[in-house]
Amino acid sequence: SAPEGDRLRIAVQKSGRLSAPSLELLTAVGLGFAPAGDRLFCAGENAPVDLLRVRDDDIPGLVADGGCDLGIVGADVLGEFAAGAGVRPPSLLRELGFGRCRLAIALPQGLNWSGPASLAGLRIATSHPRHLAAWLRANAVAAEIVTLSGAVEIAPRLGRADAVCDLVSSGATLAANALREVATVATSQAVLVGRAGGLDAARAAIAGPLLQRLDAVLGVRG
Ligand code: PRP
Ligand code: ZN
Ligand code: MG
C-alpha cells in the first residue's frame with residue numbers, strides 16, 4: 001500500500017454537464033468525498049485520493065503536467081488539447097459511457113445549407129478550433145475560424161460570426177439561440193485520462209484497485 005503522504009489527485013469538471021455524473025461514478029467505485037459546495041479541493045474520506053474541481057478545458061493540461069494524476073473530461077476537450085503543439089497529451093484510459101454529445105455545425109435562420117460548401121467564406125465561432133480546422137480541411141472548405149472560450153452560441157447574434165461549431169447534447173442550447181444543426185464534426189463522451197508516462201509506484205498502487213472497481217462498474221453499466 002502507499003506510503004503516508006502519497007495521494008492520488010483526480011481532476012473533474014467543477015460545474016457543467018460532466019460534473020454530477022463524474023462524482024456519481026467516483027462514488028460508485030467506492031470513493032467518498034465531503035459535499036463539495038464551492039470548494040475546489042476535496043480530500044477523500046476513505047482513501048488517499050483527492051478531488052480537484054476545475055474547468056473542463058484545464059483538465060488535459062493539469063494531467064499532462066503532473067498537477068493531477070487522473071482526470072475525467074470530454075473526449076472532445078482531450079482531442080483538442082492533443083491536436084495542439086508541444087506537450088505530450090494525457091493517455092485515454094477508459095471511455096466512461098456518459099456525457100455523450102456531438103460537435104456540430106449550426107446555422108442561424110436565413111443561412112441555407114446544401115452541404116459543407118455552404119460555409120465557404122463564412123466566419124464560424126467555436127471553442128474547438130483544431131477539430132473544426134481538420135473538418136473544414138477534410139471537406140475542402142475555406143472558412144474563417146473565430147475562437148471563443150465560451151458562449152459560442154451567442155456569437156451570430158453579436159455579429160462576431162455567421163455560424164457556430166459547438167457541442168450539442170439535448171439540443172436545448174441551440175434551440176434557445178434559434179440555431180439549426182446541419183452537420184456533425186465529431187462525437188464525444190466522457191473519458192478517464194491519466195499521465196502519459198504512467199504513475200509512480202505509490203500512486204499506481206492507489207489507482208490499480210480503483211481501475212479494477214471502475215471496470216466492474218462499467219461492465220455492469222454495459
Ligand atoms: C456544451 C455546449 C453547450 C451545451 C449544449 O457546454 O457548449 O453550451 O453543452 O448542451 P445542450 O445541447 O444539452 O443544450 P458544456 O456543458 O460542455 O460546458 P462548457 O461549454 O462550459 O465547457
Ligand atoms: Zn469547457
Ligand atoms: Mg458550453
# chains A, B, ... in the order shown; residues from 1 in each chain; ligands from 1
$ closest_atom_pairs --of "chain A" --to "ligand 3" --cutoff "9 Å" --atoms "only C-alpha atoms and all ligand atoms" --output "CSV"
residue,atom,partner,partner_atom_place_in_ligand_line,distance
A:Gly16,CA,ligand 3,1 (Mg),8.0
A:Arg17,CA,ligand 3,1 (Mg),8.9
A:Ser127,CA,ligand 3,1 (Mg),8.8
A:Ser149,CA,ligand 3,1 (Mg),8.8
A:Gly150,CA,ligand 3,1 (Mg),5.9
A:Ala151,CA,ligand 3,1 (Mg),6.1
A:Val152,CA,ligand 3,1 (Mg),7.3
A:Glu153,CA,ligand 3,1 (Mg),8.3
A:Asp166,CA,ligand 3,1 (Mg),7.6
A:Leu167,CA,ligand 3,1 (Mg),7.1
A:Val168,CA,ligand 3,1 (Mg),8.9
A:Thr173,CA,ligand 3,1 (Mg),8.5
$ write_last_selection --atoms "C-alpha atoms" --output "PDB file, in the first residue's frame"
ATOM      1  CA  GLY A  16     -21.158  21.563 -16.224  1.00  0.00           C
ATOM      2  CA  ARG A  17     -22.660  18.547 -17.903  1.00  0.00           C
ATOM      3  CA  SER A 127     -14.123  26.634 -28.793  1.00  0.00           C
ATOM      4  CA  SER A 149     -13.670  30.104 -24.945  1.00  0.00           C
ATOM      5  CA  GLY A 150     -17.388  30.018 -24.187  1.00  0.00           C
ATOM      6  CA  ALA A 151     -20.888  31.245 -25.037  1.00  0.00           C
ATOM      7  CA  VAL A 152     -20.235  30.271 -28.641  1.00  0.00           C
ATOM      8  CA  GLU A 153     -23.958  30.125 -29.445  1.00  0.00           C
ATOM      9  CA  ASP A 166     -20.249  23.706 -30.718  1.00  0.00           C
ATOM     10  CA  LEU A 167     -21.183  20.731 -28.579  1.00  0.00           C
ATOM     11  CA  VAL A 168     -24.768  19.569 -28.746  1.00  0.00           C
ATOM     12  CA  THR A 173     -28.946  25.480 -26.149  1.00  0.00           C
TER      13      THR A 173
END
$ closest_atom_pairs --of "chain A" --to "ligand 2" --cutoff "7 Å" --atoms "only C-alpha atoms and all ligand atoms" --output "CSV"
residue,atom,partner,partner_atom_place_in_ligand_line,distance
A:Arg55,CA,ligand 2,1 (Zn),6.4
A:Asp56,CA,ligand 2,1 (Zn),4.9
A:Asp57,CA,ligand 2,1 (Zn),4.9
$ write_last_selection --atoms "N, CA and C atoms" --output "PDB file, in the first residue's frame"
ATOM      1  N   ARG A  55     -12.095  23.871 -14.327  1.00  0.00           N
ATOM      2  CA  ARG A  55     -12.724  23.996 -15.645  1.00  0.00           C
ATOM      3  C   ARG A  55     -12.334  22.799 -16.495  1.00  0.00           C
ATOM      4  N   ASP A  56     -13.301  22.239 -17.220  1.00  0.00           N
ATOM      5  CA  ASP A  56     -13.004  21.038 -18.007  1.00  0.00           C
ATOM      6  C   ASP A  56     -11.853  21.280 -18.987  1.00  0.00           C
ATOM      7  N   ASP A  57     -11.804  22.473 -19.548  1.00  0.00           N
ATOM      8  CA  ASP A  57     -10.768  22.766 -20.550  1.00  0.00           C
ATOM      9  C   ASP A  57      -9.357  22.709 -19.949  1.00  0.00           C
TER      10      ASP A  57
END
$ select_by_dssp --residues "chain A" --states "helix (DSSP H, G or I)" --output "PyMOL selection string"
chain A and resi 19-28+56-64+75-82+116-119+129-138+152-158+172-176+201-221
$ select_by_dssp --residues "chain A" --states "strand (DSSP E)" --output "VMD selection string"
chain A and resid 8 to 13 41 to 43 49 to 54 70 to 74 91 to 95 101 to 108 123 to 126 144 to 147 163 to 168 179 to 188 190 to 194
$ closest_residue --among "A:Val182, A:Gly84, A:Leu96, A:Cys165" --to "Glu24 of chain A" --atoms "only C-alpha atoms"
A:Leu96
